[in-house]
>>> print(open('work-v7.cif').read())   # mmCIF, N, CA and C atoms
data_data
#
loop_
_atom_site.group_PDB
_atom_site.id
_atom_site.type_symbol
_atom_site.label_atom_id
_atom_site.label_comp_id
_atom_site.auth_asym_id
_atom_site.auth_seq_id
_atom_site.Cartn_x
_atom_site.Cartn_y
_atom_site.Cartn_z
ATOM 1 N N MET N 1 2.492 1.115 -7.771
ATOM 2 C CA MET N 1 2.672 1.845 -6.529
ATOM 3 C C MET N 1 2.853 3.329 -6.868
ATOM 4 N N ASP N 2 2.052 4.198 -6.240
ATOM 5 C CA ASP N 2 2.189 5.629 -6.526
ATOM 6 C C ASP N 2 3.279 6.253 -5.649
ATOM 7 N N ILE N 3 3.584 7.512 -5.913
ATOM 8 C CA ILE N 3 4.693 8.181 -5.232
ATOM 9 C C ILE N 3 4.463 8.282 -3.722
ATOM 10 N N ASN N 4 3.216 8.490 -3.295
ATOM 11 C CA ASN N 4 2.944 8.558 -1.851
ATOM 12 C C ASN N 4 3.266 7.236 -1.169
ATOM 13 N N GLN N 5 2.934 6.140 -1.816
ATOM 14 C CA GLN N 5 3.235 4.825 -1.254
ATOM 15 C C GLN N 5 4.739 4.581 -1.220
ATOM 16 N N LYS N 6 5.443 5.003 -2.265
ATOM 17 C CA LYS N 6 6.898 4.827 -2.312
ATOM 18 C C LYS N 6 7.577 5.623 -1.204
ATOM 19 N N ILE N 7 7.145 6.867 -1.021
ATOM 20 C CA ILE N 7 7.718 7.706 0.029
ATOM 21 C C ILE N 7 7.428 7.102 1.400
ATOM 22 N N GLY N 8 6.194 6.694 1.614
ATOM 23 C CA GLY N 8 5.822 6.098 2.897
ATOM 24 C C GLY N 8 6.594 4.834 3.198
ATOM 25 N N GLU N 9 6.748 3.998 2.193
ATOM 26 C CA GLU N 9 7.495 2.750 2.365
ATOM 27 C C GLU N 9 8.951 3.038 2.708
ATOM 28 N N ARG N 10 9.526 4.044 2.060
ATOM 29 C CA ARG N 10 10.921 4.401 2.310
ATOM 30 C C ARG N 10 11.093 4.954 3.731
ATOM 31 N N ILE N 11 10.162 5.787 4.167
ATOM 32 C CA ILE N 11 10.223 6.322 5.533
ATOM 33 C C ILE N 11 10.155 5.182 6.537
ATOM 34 N N ARG N 12 9.208 4.276 6.355
ATOM 35 C CA ARG N 12 9.046 3.141 7.274
ATOM 36 C C ARG N 12 10.315 2.288 7.301
ATOM 37 N N GLU N 13 10.860 2.016 6.124
ATOM 38 C CA GLU N 13 12.077 1.202 6.012
ATOM 39 C C GLU N 13 13.235 1.843 6.785
ATOM 40 N N LEU N 14 13.461 3.132 6.573
ATOM 41 C CA LEU N 14 14.564 3.819 7.243
ATOM 42 C C LEU N 14 14.313 3.947 8.746
ATOM 43 N N ARG N 15 13.072 4.190 9.124
ATOM 44 C CA ARG N 15 12.720 4.298 10.544
ATOM 45 C C ARG N 15 13.012 2.986 11.262
ATOM 46 N N LYS N 16 12.628 1.875 10.647
ATOM 47 C CA LYS N 16 12.861 0.564 11.265
ATOM 48 C C LYS N 16 14.349 0.229 11.319
ATOM 49 N N GLU N 17 15.096 0.608 10.283
ATOM 50 C CA GLU N 17 16.550 0.386 10.289
ATOM 51 C C GLU N 17 17.200 1.088 11.473
ATOM 52 N N LYS N 18 16.660 2.250 11.834
ATOM 53 C CA LYS N 18 17.229 3.036 12.924
ATOM 54 C C LYS N 18 16.567 2.739 14.272
ATOM 55 N N ASN N 19 15.665 1.746 14.284
ATOM 56 C CA ASN N 19 14.966 1.350 15.515
ATOM 57 C C ASN N 19 14.276 2.527 16.208
ATOM 58 N N ILE N 20 13.583 3.322 15.411
ATOM 59 C CA ILE N 20 12.830 4.458 15.938
ATOM 60 C C ILE N 20 11.349 4.115 15.831
ATOM 61 N N SER N 21 10.609 4.346 16.891
ATOM 62 C CA SER N 21 9.166 4.108 16.822
ATOM 63 C C SER N 21 8.522 5.190 15.962
ATOM 64 N N GLN N 22 7.358 4.868 15.462
ATOM 65 C CA GLN N 22 6.621 5.832 14.649
ATOM 66 C C GLN N 22 6.296 7.077 15.480
ATOM 67 N N GLU N 23 5.928 6.859 16.726
ATOM 68 C CA GLU N 23 5.599 7.978 17.607
ATOM 69 C C GLU N 23 6.818 8.864 17.866
ATOM 70 N N ALA N 24 7.973 8.254 18.099
ATOM 71 C CA ALA N 24 9.196 9.025 18.339
ATOM 72 C C ALA N 24 9.575 9.831 17.102
ATOM 73 N N LEU N 25 9.481 9.217 15.931
ATOM 74 C CA LEU N 25 9.807 9.931 14.697
ATOM 75 C C LEU N 25 8.849 11.100 14.495
ATOM 76 N N ALA N 26 7.574 10.871 14.739
ATOM 77 C CA ALA N 26 6.581 11.942 14.605
ATOM 78 C C ALA N 26 6.907 13.097 15.552
ATOM 79 N N ASN N 27 7.281 12.780 16.781
ATOM 80 C CA ASN N 27 7.631 13.831 17.751
ATOM 81 C C ASN N 27 8.845 14.625 17.304
ATOM 82 N N ILE N 28 9.880 13.938 16.841
ATOM 83 C CA ILE N 28 11.102 14.618 16.400
ATOM 84 C C ILE N 28 10.809 15.496 15.185
ATOM 85 N N ALA N 29 9.991 14.989 14.264
ATOM 86 C CA ALA N 29 9.656 15.731 13.042
ATOM 87 C C ALA N 29 8.551 16.763 13.268
ATOM 88 N N GLU N 30 8.011 16.784 14.475
ATOM 89 C CA GLU N 30 6.961 17.732 14.851
ATOM 90 C C GLU N 30 5.699 17.580 14.000
ATOM 91 N N VAL N 31 5.270 16.316 13.845
ATOM 92 C CA VAL N 31 3.992 16.012 13.195
ATOM 93 C C VAL N 31 3.217 15.072 14.111
ATOM 94 N N ASP N 32 1.929 15.020 13.923
ATOM 95 C CA ASP N 32 1.096 14.124 14.718
ATOM 96 C C ASP N 32 1.364 12.674 14.332
ATOM 97 N N ARG N 33 1.278 11.765 15.300
ATOM 98 C CA ARG N 33 1.518 10.349 15.013
ATOM 99 C C ARG N 33 0.536 9.813 13.989
ATOM 100 N N THR N 34 -0.715 10.245 14.046
ATOM 101 C CA THR N 34 -1.698 9.752 13.071
ATOM 102 C C THR N 34 -1.376 10.248 11.664
ATOM 103 N N TYR N 35 -0.809 11.448 11.574
ATOM 104 C CA TYR N 35 -0.367 11.964 10.275
ATOM 105 C C TYR N 35 0.772 11.092 9.749
ATOM 106 N N MET N 36 1.717 10.760 10.638
ATOM 107 C CA MET N 36 2.854 9.914 10.252
ATOM 108 C C MET N 36 2.367 8.552 9.774
ATOM 109 N N THR N 37 1.365 8.003 10.432
ATOM 110 C CA THR N 37 0.781 6.733 9.994
ATOM 111 C C THR N 37 0.245 6.870 8.580
ATOM 112 N N GLY N 38 -0.468 7.951 8.310
ATOM 113 C CA GLY N 38 -1.010 8.189 6.975
ATOM 114 C C GLY N 38 0.068 8.337 5.922
ATOM 115 N N VAL N 39 1.159 8.998 6.285
ATOM 116 C CA VAL N 39 2.281 9.156 5.348
ATOM 117 C C VAL N 39 2.906 7.798 5.059
ATOM 118 N N GLU N 40 3.188 7.027 6.108
ATOM 119 C CA GLU N 40 3.835 5.726 5.926
ATOM 120 C C GLU N 40 2.977 4.742 5.134
ATOM 121 N N THR N 41 1.680 4.869 5.227
ATOM 122 C CA THR N 41 0.801 3.962 4.478
ATOM 123 C C THR N 41 0.462 4.501 3.093
ATOM 124 N N GLY N 42 0.964 5.689 2.771
ATOM 125 C CA GLY N 42 0.720 6.266 1.453
ATOM 126 C C GLY N 42 -0.647 6.894 1.298
ATOM 127 N N LYS N 43 -1.345 7.095 2.410
ATOM 128 C CA LYS N 43 -2.697 7.660 2.357
ATOM 129 C C LYS N 43 -2.711 9.172 2.519
ATOM 130 N N ARG N 44 -1.573 9.753 2.890
ATOM 131 C CA ARG N 44 -1.472 11.207 3.057
ATOM 132 C C ARG N 44 -0.452 11.758 2.084
ATOM 133 N N ASN N 45 -0.762 12.915 1.525
ATOM 134 C CA ASN N 45 0.215 13.645 0.723
ATOM 135 C C ASN N 45 1.126 14.385 1.687
ATOM 136 N N VAL N 46 2.398 14.225 1.517
ATOM 137 C CA VAL N 46 3.349 14.900 2.397
ATOM 138 C C VAL N 46 3.948 16.074 1.622
ATOM 139 N N THR N 47 3.991 17.234 2.262
ATOM 140 C CA THR N 47 4.601 18.389 1.611
ATOM 141 C C THR N 47 6.121 18.239 1.651
ATOM 142 N N VAL N 48 6.787 19.002 0.821
ATOM 143 C CA VAL N 48 8.252 18.964 0.805
ATOM 144 C C VAL N 48 8.793 19.430 2.158
ATOM 145 N N LYS N 49 8.167 20.434 2.749
ATOM 146 C CA LYS N 49 8.624 20.928 4.057
ATOM 147 C C LYS N 49 8.512 19.852 5.138
ATOM 148 N N VAL N 50 7.400 19.135 5.157
ATOM 149 C CA VAL N 50 7.228 18.076 6.154
ATOM 150 C C VAL N 50 8.164 16.913 5.847
ATOM 151 N N LEU N 51 8.318 16.574 4.576
ATOM 152 C CA LEU N 51 9.248 15.506 4.207
ATOM 153 C C LEU N 51 10.660 15.868 4.652
ATOM 154 N N GLU N 52 11.029 17.132 4.512
ATOM 155 C CA GLU N 52 12.344 17.576 4.961
ATOM 156 C C GLU N 52 12.504 17.346 6.466
ATOM 157 N N ARG N 53 11.485 17.675 7.249
ATOM 158 C CA ARG N 53 11.556 17.463 8.701
ATOM 159 C C ARG N 53 11.666 15.982 9.038
ATOM 160 N N ILE N 54 10.940 15.146 8.305
ATOM 161 C CA ILE N 54 10.995 13.699 8.545
ATOM 162 C C ILE N 54 12.373 13.153 8.191
ATOM 163 N N VAL N 55 12.885 13.559 7.035
ATOM 164 C CA VAL N 55 14.208 13.088 6.592
ATOM 165 C C VAL N 55 15.279 13.513 7.592
ATOM 166 N N TYR N 56 15.235 14.763 8.049
ATOM 167 C CA TYR N 56 16.219 15.226 9.027
ATOM 168 C C TYR N 56 16.023 14.546 10.378
ATOM 169 N N ALA N 57 14.778 14.228 10.736
ATOM 170 C CA ALA N 57 14.517 13.491 11.978
ATOM 171 C C ALA N 57 15.120 12.091 11.911
ATOM 172 N N LEU N 58 15.194 11.547 10.703
ATOM 173 C CA LEU N 58 15.835 10.245 10.502
ATOM 174 C C LEU N 58 17.357 10.375 10.465
ATOM 175 N N ASP N 59 17.841 11.614 10.552
ATOM 176 C CA ASP N 59 19.268 11.924 10.552
ATOM 177 C C ASP N 59 19.952 11.447 9.276
ATOM 178 N N ILE N 60 19.277 11.704 8.148
ATOM 179 C CA ILE N 60 19.868 11.383 6.854
ATOM 180 C C ILE N 60 19.723 12.583 5.927
ATOM 181 N N ASP N 61 20.264 12.445 4.760
ATOM 182 C CA ASP N 61 20.273 13.466 3.728
ATOM 183 C C ASP N 61 19.207 13.134 2.683
ATOM 184 N N PHE N 62 18.678 14.143 2.004
ATOM 185 C CA PHE N 62 17.705 13.880 0.943
ATOM 186 C C PHE N 62 18.279 12.950 -0.125
ATOM 187 N N THR N 63 19.559 13.096 -0.423
ATOM 188 C CA THR N 63 20.158 12.236 -1.454
ATOM 189 C C THR N 63 20.121 10.776 -1.035
ATOM 190 N N ILE N 64 20.313 10.515 0.237
ATOM 191 C CA ILE N 64 20.241 9.140 0.738
ATOM 192 C C ILE N 64 18.799 8.654 0.719
ATOM 193 N N PHE N 65 17.868 9.535 1.103
ATOM 194 C CA PHE N 65 16.456 9.150 1.111
ATOM 195 C C PHE N 65 16.009 8.682 -0.269
ATOM 196 N N PHE N 66 16.374 9.431 -1.297
ATOM 197 C CA PHE N 66 15.924 9.100 -2.647
ATOM 198 C C PHE N 66 16.854 8.142 -3.384
ATOM 199 N N ASP N 67 17.959 7.742 -2.756
ATOM 200 C CA ASP N 67 18.881 6.784 -3.368
ATOM 201 C C ASP N 67 18.368 5.370 -3.115
ATOM 202 N N ASP N 68 17.307 5.026 -3.808
ATOM 203 C CA ASP N 68 16.655 3.738 -3.617
ATOM 204 C C ASP N 68 15.992 3.356 -4.934
ATOM 205 N N ASN N 69 16.012 2.098 -5.270
ATOM 206 C CA ASN N 69 15.453 1.637 -6.546
ATOM 207 C C ASN N 69 13.982 1.970 -6.728
ATOM 208 N N LYS N 70 13.237 2.114 -5.648
ATOM 209 C CA LYS N 70 11.800 2.370 -5.810
ATOM 210 C C LYS N 70 11.520 3.738 -6.434
ATOM 211 N N PHE N 71 12.525 4.626 -6.460
ATOM 212 C CA PHE N 71 12.342 5.942 -7.058
ATOM 213 C C PHE N 71 12.902 6.037 -8.474
ATOM 214 N N SER N 72 13.461 4.968 -8.985
ATOM 215 C CA SER N 72 14.021 5.015 -10.339
ATOM 216 C C SER N 72 12.914 4.864 -11.377
ATOM 217 N N ARG N 73 13.140 5.435 -12.544
ATOM 218 C CA ARG N 73 12.192 5.285 -13.651
ATOM 219 C C ARG N 73 12.489 3.959 -14.317
ATOM 220 N N LYS N 74 11.503 3.098 -14.335
ATOM 221 C CA LYS N 74 11.722 1.766 -14.912
ATOM 222 C C LYS N 74 11.016 1.640 -16.221
#
>>> encode(input="work-v7.cif", output="structure tokens")
Amino acid sequence: MDINQKIGERIRELRKEKNISQEALANIAEVDRTYMTGVETGKRNVTVKVLERIVYALDIDFTIFFDDNKFSRK
């Protein structure tokens, strides 16, 4: 799994935990819903600035976002 897929999977996981639709998250983060779909599926490269908006739209901290086993070096 590459980094784009890991980031997308983590966004989807956190979004579902918070019961936020993909469209609502995209609106809050000020990105297009189709872009958000691409990010969640790992097909789009997300910039740090956009990732920051998504993470803040999820109302979490970057440390919490990356505090997940999928980002550890194995």
>>> residues_around(input="work-v7.cif", residues="segment 39-47 of chain N", least_positions_apart="2", cutoff="8 Å", atoms="all atoms listed in the file", output="list in words")
Asp2, Ile3, Asn4, Gln5, Lys6, Ile7, Gly8, Glu9, Arg10, Ile11, Arg12, Glu13, Arg33, Thr34, Tyr35, Met36, Thr37, Lys49, Val50, Leu51, Glu52 and Arg53 of chain N
>>> write_last_selection(input="work-v7.cif", atoms="N, CA and C atoms", output="short mmCIF file (atom, residue, chain, number, x, y, z; two decimals), in the frame of the given file")
data_model
loop_
_atom_site.label_atom_id
_atom_site.label_comp_id
_atom_site.auth_asym_id
_atom_site.auth_seq_id
_atom_site.Cartn_x
_atom_site.Cartn_y
_atom_site.Cartn_z
N ASP N 2 2.05 4.20 -6.24
CA ASP N 2 2.19 5.63 -6.53
C ASP N 2 3.28 6.25 -5.65
N ILE N 3 3.58 7.51 -5.91
CA ILE N 3 4.69 8.18 -5.23
C ILE N 3 4.46 8.28 -3.72
N ASN N 4 3.22 8.49 -3.30
CA ASN N 4 2.94 8.56 -1.85
C ASN N 4 3.27 7.24 -1.17
N GLN N 5 2.93 6.14 -1.82
CA GLN N 5 3.24 4.82 -1.25
C GLN N 5 4.74 4.58 -1.22
N LYS N 6 5.44 5.00 -2.26
CA LYS N 6 6.90 4.83 -2.31
C LYS N 6 7.58 5.62 -1.20
N ILE N 7 7.14 6.87 -1.02
CA ILE N 7 7.72 7.71 0.03
C ILE N 7 7.43 7.10 1.40
N GLY N 8 6.19 6.69 1.61
CA GLY N 8 5.82 6.10 2.90
C GLY N 8 6.59 4.83 3.20
N GLU N 9 6.75 4.00 2.19
CA GLU N 9 7.50 2.75 2.37
C GLU N 9 8.95 3.04 2.71
N ARG N 10 9.53 4.04 2.06
CA ARG N 10 10.92 4.40 2.31
C ARG N 10 11.09 4.95 3.73
N ILE N 11 10.16 5.79 4.17
CA ILE N 11 10.22 6.32 5.53
C ILE N 11 10.15 5.18 6.54
N ARG N 12 9.21 4.28 6.36
CA ARG N 12 9.05 3.14 7.27
C ARG N 12 10.32 2.29 7.30
N GLU N 13 10.86 2.02 6.12
CA GLU N 13 12.08 1.20 6.01
C GLU N 13 13.24 1.84 6.78
N ARG N 33 1.28 11.76 15.30
CA ARG N 33 1.52 10.35 15.01
C ARG N 33 0.54 9.81 13.99
N THR N 34 -0.72 10.24 14.05
CA THR N 34 -1.70 9.75 13.07
C THR N 34 -1.38 10.25 11.66
N TYR N 35 -0.81 11.45 11.57
CA TYR N 35 -0.37 11.96 10.28
C TYR N 35 0.77 11.09 9.75
N MET N 36 1.72 10.76 10.64
CA MET N 36 2.85 9.91 10.25
C MET N 36 2.37 8.55 9.77
N THR N 37 1.36 8.00 10.43
CA THR N 37 0.78 6.73 9.99
C THR N 37 0.24 6.87 8.58
N LYS N 49 8.17 20.43 2.75
CA LYS N 49 8.62 20.93 4.06
C LYS N 49 8.51 19.85 5.14
N VAL N 50 7.40 19.14 5.16
CA VAL N 50 7.23 18.08 6.15
C VAL N 50 8.16 16.91 5.85
N LEU N 51 8.32 16.57 4.58
CA LEU N 51 9.25 15.51 4.21
C LEU N 51 10.66 15.87 4.65
N GLU N 52 11.03 17.13 4.51
CA GLU N 52 12.34 17.58 4.96
C GLU N 52 12.50 17.35 6.47
N ARG N 53 11.48 17.68 7.25
CA ARG N 53 11.56 17.46 8.70
C ARG N 53 11.67 15.98 9.04
#
>>> residues_around(input="work-v7.cif", residues="segment 54-57 of chain N", least_positions_apart="5", cutoff="7 Å", atoms="all atoms listed in the file", output="PDB file with N, CA and C atoms, in the coordinates of the input")
ATOM      1  N   LEU N  25       9.481   9.217  15.931  1.00  0.00           N
ATOM      2  CA  LEU N  25       9.807   9.931  14.697  1.00  0.00           C
ATOM      3  C   LEU N  25       8.849  11.100  14.495  1.00  0.00           C
ATOM      4  N   ILE N  28       9.880  13.938  16.841  1.00  0.00           N
ATOM      5  CA  ILE N  28      11.102  14.618  16.400  1.00  0.00           C
ATOM      6  C   ILE N  28      10.809  15.496  15.185  1.00  0.00           C
ATOM      7  N   ALA N  29       9.991  14.989  14.264  1.00  0.00           N
ATOM      8  CA  ALA N  29       9.656  15.731  13.042  1.00  0.00           C
ATOM      9  C   ALA N  29       8.551  16.763  13.268  1.00  0.00           C
ATOM     10  N   LYS N  49       8.167  20.434   2.749  1.00  0.00           N
ATOM     11  CA  LYS N  49       8.624  20.928   4.057  1.00  0.00           C
ATOM     12  C   LYS N  49       8.512  19.852   5.138  1.00  0.00           C
ATOM     13  N   PHE N  62      18.678  14.143   2.004  1.00  0.00           N
ATOM     14  CA  PHE N  62      17.705  13.880   0.943  1.00  0.00           C
ATOM     15  C   PHE N  62      18.279  12.950  -0.125  1.00  0.00           C
TER      16      PHE N  62
END
>>> atom_distance(input="work-v7.cif", atom1="atom N of Asn19 of chain N", atom2="atom CA of Phe71 of chain N")
22.0 Å
>>> atom_distance(input="work-v7.cif", atom1="atom C of Glu23 of chain N", atom2="atom CA of Asp67 of chain N")
24.5 Å
>>> closest_residue(input="work-v7.cif", among="N:Leu58, N:Met1, N:Val31, N:Val48", to="Arg15 of chain N", atoms="all atoms listed in the file")
N:Leu58
>>> atom_distance(input="work-v7.cif", atom1="atom CA of Ala24 of chain N", atom2="atom C of Thr63 of chain N")
22.3 Å
